[in-house]
$ cat final-v9.txt   # compact mmCIF, N, CA and C atoms
# COMPACT_ATOMS: atom_id res chain seq x y z
N MET A 1 102.49 -126.44 94.02
CA MET A 1 101.11 -126.22 94.39
C MET A 1 100.32 -127.47 94.01
N SER A 2 99.50 -127.97 94.90
CA SER A 2 98.75 -129.19 94.63
C SER A 2 97.59 -128.93 93.67
N VAL A 3 97.12 -130.01 93.05
CA VAL A 3 96.00 -129.93 92.11
C VAL A 3 94.75 -129.43 92.81
N HIS A 4 94.50 -129.92 94.05
CA HIS A 4 93.31 -129.50 94.79
C HIS A 4 93.34 -128.00 95.10
N ARG A 5 94.52 -127.52 95.44
CA ARG A 5 94.63 -126.11 95.78
C ARG A 5 94.41 -125.23 94.54
N ARG A 6 94.95 -125.65 93.39
CA ARG A 6 94.75 -124.89 92.16
C ARG A 6 93.27 -124.91 91.74
N LEU A 7 92.62 -126.05 91.90
CA LEU A 7 91.20 -126.14 91.58
C LEU A 7 90.38 -125.26 92.51
N GLY A 8 90.75 -125.24 93.77
CA GLY A 8 90.03 -124.41 94.73
C GLY A 8 90.20 -122.93 94.42
N THR A 9 91.41 -122.53 94.04
CA THR A 9 91.67 -121.14 93.68
C THR A 9 90.89 -120.77 92.42
N ALA A 10 90.89 -121.64 91.43
CA ALA A 10 90.16 -121.38 90.19
C ALA A 10 88.65 -121.29 90.45
N ALA A 11 88.13 -122.19 91.28
CA ALA A 11 86.70 -122.18 91.60
C ALA A 11 86.34 -120.91 92.35
N GLY A 12 87.17 -120.50 93.28
CA GLY A 12 86.93 -119.27 94.03
C GLY A 12 86.92 -118.05 93.14
N ALA A 13 87.87 -117.99 92.20
CA ALA A 13 87.93 -116.87 91.26
C ALA A 13 86.69 -116.84 90.38
N ALA A 14 86.23 -118.01 89.94
CA ALA A 14 85.05 -118.08 89.09
C ALA A 14 83.80 -117.62 89.85
N LEU A 15 83.67 -118.03 91.11
CA LEU A 15 82.53 -117.62 91.92
C LEU A 15 82.54 -116.12 92.18
N LEU A 16 83.72 -115.58 92.44
CA LEU A 16 83.83 -114.14 92.67
C LEU A 16 83.43 -113.37 91.42
N THR A 17 83.86 -113.83 90.25
CA THR A 17 83.50 -113.18 89.00
C THR A 17 81.99 -113.20 88.79
N LEU A 18 81.36 -114.34 89.05
CA LEU A 18 79.91 -114.45 88.90
C LEU A 18 79.18 -113.54 89.88
N ALA A 19 79.67 -113.47 91.11
CA ALA A 19 79.02 -112.62 92.11
C ALA A 19 79.09 -111.16 91.72
N VAL A 20 80.25 -110.70 91.24
CA VAL A 20 80.41 -109.30 90.84
C VAL A 20 79.53 -109.01 89.62
N ALA A 21 79.51 -109.91 88.65
CA ALA A 21 78.69 -109.70 87.45
C ALA A 21 77.21 -109.68 87.80
N GLY A 22 76.77 -110.53 88.72
CA GLY A 22 75.36 -110.59 89.10
C GLY A 22 74.89 -109.37 89.85
N CYS A 23 75.77 -108.70 90.56
CA CYS A 23 75.38 -107.54 91.36
C CYS A 23 75.65 -106.22 90.66
N SER A 24 76.33 -106.24 89.52
CA SER A 24 76.74 -104.98 88.90
C SER A 24 75.56 -104.12 88.46
N GLY A 25 74.41 -104.70 88.13
CA GLY A 25 73.28 -103.92 87.67
C GLY A 25 72.34 -103.48 88.77
N LEU A 26 72.58 -103.92 89.99
CA LEU A 26 71.68 -103.57 91.09
C LEU A 26 71.75 -102.09 91.40
N GLY A 27 70.62 -101.46 91.46
CA GLY A 27 70.56 -100.08 91.88
C GLY A 27 70.98 -99.07 90.83
N ARG A 28 71.24 -99.49 89.60
CA ARG A 28 71.65 -98.55 88.56
C ARG A 28 70.45 -97.72 88.13
N THR A 29 70.66 -96.42 88.05
CA THR A 29 69.56 -95.53 87.68
C THR A 29 69.99 -94.59 86.56
N ALA A 30 69.00 -94.03 85.90
CA ALA A 30 69.23 -93.00 84.89
C ALA A 30 69.32 -91.68 85.66
N VAL A 31 70.49 -91.16 85.83
CA VAL A 31 70.68 -89.97 86.65
C VAL A 31 69.99 -88.77 85.99
N GLY A 32 69.09 -88.16 86.73
CA GLY A 32 68.36 -87.01 86.23
C GLY A 32 66.86 -87.20 86.41
N THR A 33 66.08 -86.39 85.73
CA THR A 33 64.63 -86.41 85.88
C THR A 33 63.92 -86.51 84.54
N ILE A 34 62.92 -87.37 84.49
CA ILE A 34 62.02 -87.45 83.34
C ILE A 34 60.73 -86.77 83.78
N THR A 35 60.31 -85.76 83.04
CA THR A 35 59.09 -85.03 83.36
C THR A 35 58.13 -85.19 82.20
N TYR A 36 56.90 -85.55 82.52
CA TYR A 36 55.90 -85.67 81.45
C TYR A 36 54.61 -85.01 81.87
N GLU A 37 53.82 -84.67 80.83
CA GLU A 37 52.56 -83.98 81.03
C GLU A 37 51.43 -84.88 80.53
N THR A 38 50.36 -84.99 81.32
CA THR A 38 49.21 -85.80 80.92
C THR A 38 48.27 -84.95 80.07
N GLU A 39 47.24 -85.59 79.51
CA GLU A 39 46.30 -84.85 78.67
C GLU A 39 45.57 -83.75 79.44
N HIS A 40 45.53 -83.85 80.76
CA HIS A 40 44.87 -82.84 81.59
C HIS A 40 45.86 -81.79 82.09
N GLU A 41 47.04 -81.75 81.43
CA GLU A 41 48.11 -80.80 81.74
C GLU A 41 48.65 -80.94 83.16
N THR A 42 48.56 -82.14 83.70
CA THR A 42 49.18 -82.43 84.99
C THR A 42 50.62 -82.84 84.74
N GLU A 43 51.56 -82.23 85.45
CA GLU A 43 52.96 -82.53 85.27
C GLU A 43 53.41 -83.57 86.29
N VAL A 44 54.11 -84.60 85.82
CA VAL A 44 54.61 -85.67 86.67
C VAL A 44 56.11 -85.77 86.46
N SER A 45 56.88 -85.85 87.55
CA SER A 45 58.33 -85.98 87.46
C SER A 45 58.78 -87.29 88.09
N VAL A 46 59.70 -87.95 87.43
CA VAL A 46 60.30 -89.19 87.94
C VAL A 46 61.80 -88.93 88.02
N THR A 47 62.35 -89.00 89.21
CA THR A 47 63.76 -88.73 89.40
C THR A 47 64.56 -90.03 89.46
N SER A 48 65.60 -90.09 88.66
CA SER A 48 66.53 -91.22 88.59
C SER A 48 65.82 -92.58 88.51
N PRO A 49 65.04 -92.82 87.45
CA PRO A 49 64.38 -94.12 87.32
C PRO A 49 65.40 -95.23 87.09
N SER A 50 65.04 -96.44 87.42
CA SER A 50 65.90 -97.60 87.21
C SER A 50 66.18 -97.77 85.72
N VAL A 51 67.36 -98.25 85.39
CA VAL A 51 67.69 -98.50 83.98
C VAL A 51 67.12 -99.84 83.51
N LYS A 52 66.57 -100.59 84.43
CA LYS A 52 66.02 -101.91 84.08
C LYS A 52 64.51 -101.88 83.95
N GLY A 53 64.00 -102.62 83.00
CA GLY A 53 62.58 -102.85 82.89
C GLY A 53 61.79 -101.78 82.18
N CYS A 54 60.49 -102.02 82.16
CA CYS A 54 59.52 -101.14 81.52
C CYS A 54 58.84 -100.33 82.61
N HIS A 55 58.71 -99.03 82.39
CA HIS A 55 58.12 -98.14 83.39
C HIS A 55 56.77 -97.63 82.88
N LYS A 56 55.71 -97.90 83.62
CA LYS A 56 54.38 -97.41 83.26
C LYS A 56 54.24 -95.95 83.65
N LEU A 57 53.50 -95.21 82.84
CA LEU A 57 53.21 -93.81 83.14
C LEU A 57 51.86 -93.72 83.85
N ALA A 58 51.48 -92.53 84.26
CA ALA A 58 50.18 -92.31 84.90
C ALA A 58 49.08 -92.84 84.00
N THR A 59 47.96 -93.22 84.58
CA THR A 59 46.85 -93.81 83.85
C THR A 59 46.42 -92.99 82.64
N ALA A 60 46.44 -91.68 82.74
CA ALA A 60 46.03 -90.82 81.63
C ALA A 60 47.03 -90.83 80.48
N GLY A 61 48.22 -91.36 80.69
CA GLY A 61 49.24 -91.35 79.65
C GLY A 61 49.90 -89.99 79.53
N ALA A 62 50.89 -89.89 78.67
CA ALA A 62 51.64 -88.64 78.51
C ALA A 62 51.46 -88.08 77.11
N THR A 63 51.34 -86.76 77.05
CA THR A 63 51.24 -86.07 75.77
C THR A 63 52.53 -85.32 75.43
N LYS A 64 53.37 -85.10 76.45
CA LYS A 64 54.61 -84.36 76.29
C LYS A 64 55.62 -84.92 77.28
N VAL A 65 56.90 -85.02 76.89
CA VAL A 65 57.93 -85.53 77.80
C VAL A 65 59.22 -84.75 77.63
N GLU A 66 59.90 -84.52 78.75
CA GLU A 66 61.22 -83.91 78.77
C GLU A 66 62.15 -84.91 79.44
N ASN A 67 63.15 -85.36 78.70
CA ASN A 67 64.12 -86.32 79.23
C ASN A 67 65.32 -85.54 79.75
N GLY A 68 65.34 -85.29 81.03
CA GLY A 68 66.43 -84.56 81.67
C GLY A 68 67.45 -85.49 82.29
N THR A 69 67.57 -86.72 81.78
CA THR A 69 68.54 -87.67 82.31
C THR A 69 69.79 -87.67 81.43
N LEU A 70 70.77 -88.46 81.84
CA LEU A 70 72.01 -88.60 81.09
C LEU A 70 71.96 -89.74 80.08
N VAL A 71 70.80 -90.38 79.95
CA VAL A 71 70.64 -91.50 79.02
C VAL A 71 69.42 -91.29 78.15
N ASP A 72 69.32 -92.06 77.07
CA ASP A 72 68.19 -91.97 76.15
C ASP A 72 67.04 -92.85 76.64
N ILE A 73 65.83 -92.53 76.20
CA ILE A 73 64.66 -93.33 76.54
C ILE A 73 63.84 -93.59 75.27
N VAL A 74 62.98 -94.59 75.34
CA VAL A 74 62.03 -94.87 74.28
C VAL A 74 60.64 -94.86 74.90
N MET A 75 59.74 -94.08 74.30
CA MET A 75 58.36 -93.97 74.76
C MET A 75 57.47 -94.89 73.92
N TYR A 76 56.47 -95.51 74.57
CA TYR A 76 55.56 -96.44 73.90
C TYR A 76 54.10 -96.08 74.17
N PRO A 77 53.21 -96.31 73.20
CA PRO A 77 51.79 -96.08 73.45
C PRO A 77 51.13 -97.25 74.20
N SER A 78 51.85 -98.33 74.40
CA SER A 78 51.32 -99.48 75.15
C SER A 78 51.83 -99.42 76.60
N GLU A 79 51.21 -100.19 77.48
CA GLU A 79 51.63 -100.22 78.88
C GLU A 79 52.77 -101.18 79.14
N ASN A 80 53.20 -101.94 78.11
CA ASN A 80 54.23 -102.96 78.32
C ASN A 80 55.49 -102.74 77.48
N CYS A 81 55.72 -101.52 77.03
CA CYS A 81 56.91 -101.16 76.24
C CYS A 81 57.07 -102.03 75.00
N ARG A 82 55.96 -102.26 74.31
CA ARG A 82 56.00 -103.07 73.09
C ARG A 82 55.10 -102.46 72.04
N GLY A 83 55.28 -102.90 70.81
CA GLY A 83 54.38 -102.52 69.73
C GLY A 83 54.85 -101.34 68.92
N ASP A 84 54.03 -101.00 67.95
CA ASP A 84 54.33 -99.90 67.03
C ASP A 84 54.06 -98.55 67.69
N GLY A 85 54.61 -97.53 67.09
CA GLY A 85 54.34 -96.18 67.56
C GLY A 85 55.29 -95.69 68.63
N SER A 86 56.41 -96.39 68.83
CA SER A 86 57.37 -95.93 69.84
C SER A 86 58.17 -94.75 69.28
N ILE A 87 58.77 -93.98 70.18
CA ILE A 87 59.60 -92.86 69.77
C ILE A 87 60.82 -92.78 70.67
N TYR A 88 61.96 -92.54 70.05
CA TYR A 88 63.25 -92.45 70.73
C TYR A 88 63.48 -91.00 71.15
N ILE A 89 63.80 -90.81 72.44
CA ILE A 89 64.05 -89.45 72.93
C ILE A 89 65.44 -89.42 73.57
N PRO A 90 66.37 -88.74 72.92
CA PRO A 90 67.74 -88.66 73.45
C PRO A 90 67.81 -87.95 74.80
N ALA A 91 68.93 -88.15 75.49
CA ALA A 91 69.17 -87.47 76.76
C ALA A 91 69.07 -85.96 76.58
N ASN A 92 68.54 -85.30 77.60
CA ASN A 92 68.42 -83.84 77.62
C ASN A 92 67.68 -83.27 76.42
N SER A 93 66.58 -83.91 76.07
CA SER A 93 65.72 -83.39 75.00
C SER A 93 64.28 -83.75 75.33
N GLY A 94 63.37 -83.42 74.45
CA GLY A 94 61.96 -83.69 74.71
C GLY A 94 61.19 -83.90 73.42
N ASN A 95 59.91 -84.22 73.59
CA ASN A 95 59.04 -84.44 72.45
C ASN A 95 57.60 -84.39 72.94
N GLU A 96 56.67 -84.26 72.00
CA GLU A 96 55.25 -84.34 72.35
C GLU A 96 54.50 -85.04 71.23
N ILE A 97 53.36 -85.62 71.59
CA ILE A 97 52.59 -86.37 70.59
C ILE A 97 51.93 -85.42 69.60
N VAL A 98 51.66 -85.95 68.44
CA VAL A 98 50.90 -85.21 67.44
C VAL A 98 49.43 -85.32 67.83
N PRO A 99 48.67 -84.23 67.82
CA PRO A 99 47.25 -84.33 68.18
C PRO A 99 46.54 -85.42 67.39
N GLY A 100 45.73 -86.19 68.09
CA GLY A 100 44.98 -87.28 67.47
C GLY A 100 45.70 -88.62 67.49
N THR A 101 46.94 -88.66 67.98
CA THR A 101 47.66 -89.94 68.09
C THR A 101 47.58 -90.44 69.53
N PRO A 102 47.80 -91.75 69.72
CA PRO A 102 47.72 -92.30 71.08
C PRO A 102 48.76 -91.67 72.01
N ARG A 103 48.37 -91.53 73.27
CA ARG A 103 49.28 -91.02 74.29
C ARG A 103 50.31 -92.10 74.64
N TRP A 104 51.46 -91.68 75.13
CA TRP A 104 52.47 -92.62 75.60
C TRP A 104 52.02 -93.18 76.94
N ARG A 105 52.19 -94.46 77.12
CA ARG A 105 51.76 -95.13 78.36
C ARG A 105 52.89 -95.80 79.12
N SER A 106 54.08 -95.91 78.48
CA SER A 106 55.23 -96.52 79.16
C SER A 106 56.51 -96.06 78.50
N TYR A 107 57.64 -96.32 79.17
CA TYR A 107 58.94 -96.01 78.60
C TYR A 107 59.98 -96.99 79.11
N ARG A 108 61.05 -97.07 78.35
CA ARG A 108 62.20 -97.93 78.68
C ARG A 108 63.46 -97.07 78.57
N VAL A 109 64.38 -97.27 79.50
CA VAL A 109 65.65 -96.56 79.50
C VAL A 109 66.64 -97.33 78.63
N ILE A 110 67.35 -96.63 77.77
CA ILE A 110 68.38 -97.24 76.93
C ILE A 110 69.72 -97.01 77.64
N HIS A 111 70.38 -98.09 77.96
CA HIS A 111 71.69 -97.94 78.64
C HIS A 111 72.71 -98.85 78.07
$ encode --input "final-v9.txt" --output "C-alpha cells"
Amino acid sequence: MSVHRRLGTAAGAALLTLAVAGCSGLGRTAVGTITYETEHETEVSVTSPSVKGCHKLATAGATKVENGTLVDIVMYPSENCRGDGSIYIPANSGNEIVPGTPRWRSYRVIH
C-alpha cells in the first residue's frame, strides 16, 4: 500500500470521526414533559425540550415544577441559568418555591 493511499485513508477516517462527533448532539431532547405553574396558577407544559442550552420560562416565572422527563434539570431564579438560588430536580419528581423567595425564570437539562 502506498504512503499516499495510507494517508488518504487515515485522513478520511479522521474526517468521518469528526463529522459523527459533531452531529451526535443534534436534535437530542429530554424525553418527557416539564410542567410548571406561574404565580397566577397558569400551567405551562414543555414537551421534550432540547438537552442543550438554557431555557427561559414564561415572563411571570414558575412557582412550582414537575419534571416528567427521563433526565434531571436545574431551575434558576435568573433568566440566564446562572447565579445563586438554583435547585436540582431529579427526573420524575417536582418541587415548588418557598413563599417569599424569587420565582424560577430558567432551567437547564442535565445530561
$ residues_around --input "final-v9.txt" --residues "Asn92 (chain A)" --least-positions-apart "3" --cutoff "6 Å" --atoms "all atoms listed in the file" --output "list in words"
Asn67, Gly68, Thr69 and Leu70 of chain A
$ closest_residue --input "final-v9.txt" --among "A:Val44, A:Cys81, A:Ile89, A:Ile34" --to "Glu66 (chain A)" --atoms "only N, CA and C atoms"
A:Ile34
$ residues_near_point --input "final-v9.txt" --point "(63.2, -90.0, 90.8)" --cutoff "8 Å" --atoms "only C-alpha atoms" --output "list of chain:residue names"
A:Gly32, A:Thr33, A:Ile34, A:Ser45, A:Val46, A:Thr47, A:Ser48, A:Pro49
$ closest_residue --input "final-v9.txt" --among "A:Tyr36, A:Ser106, A:Val31, A:Lys52" --to "Arg82 (chain A)" --atoms "only N, CA and C atoms"
A:Ser106
$ atom_distance --input "final-v9.txt" --atom1 "atom C of Ser50 (chain A)" --atom2 "atom C of Gly100 (chain A)"
28.9 Å
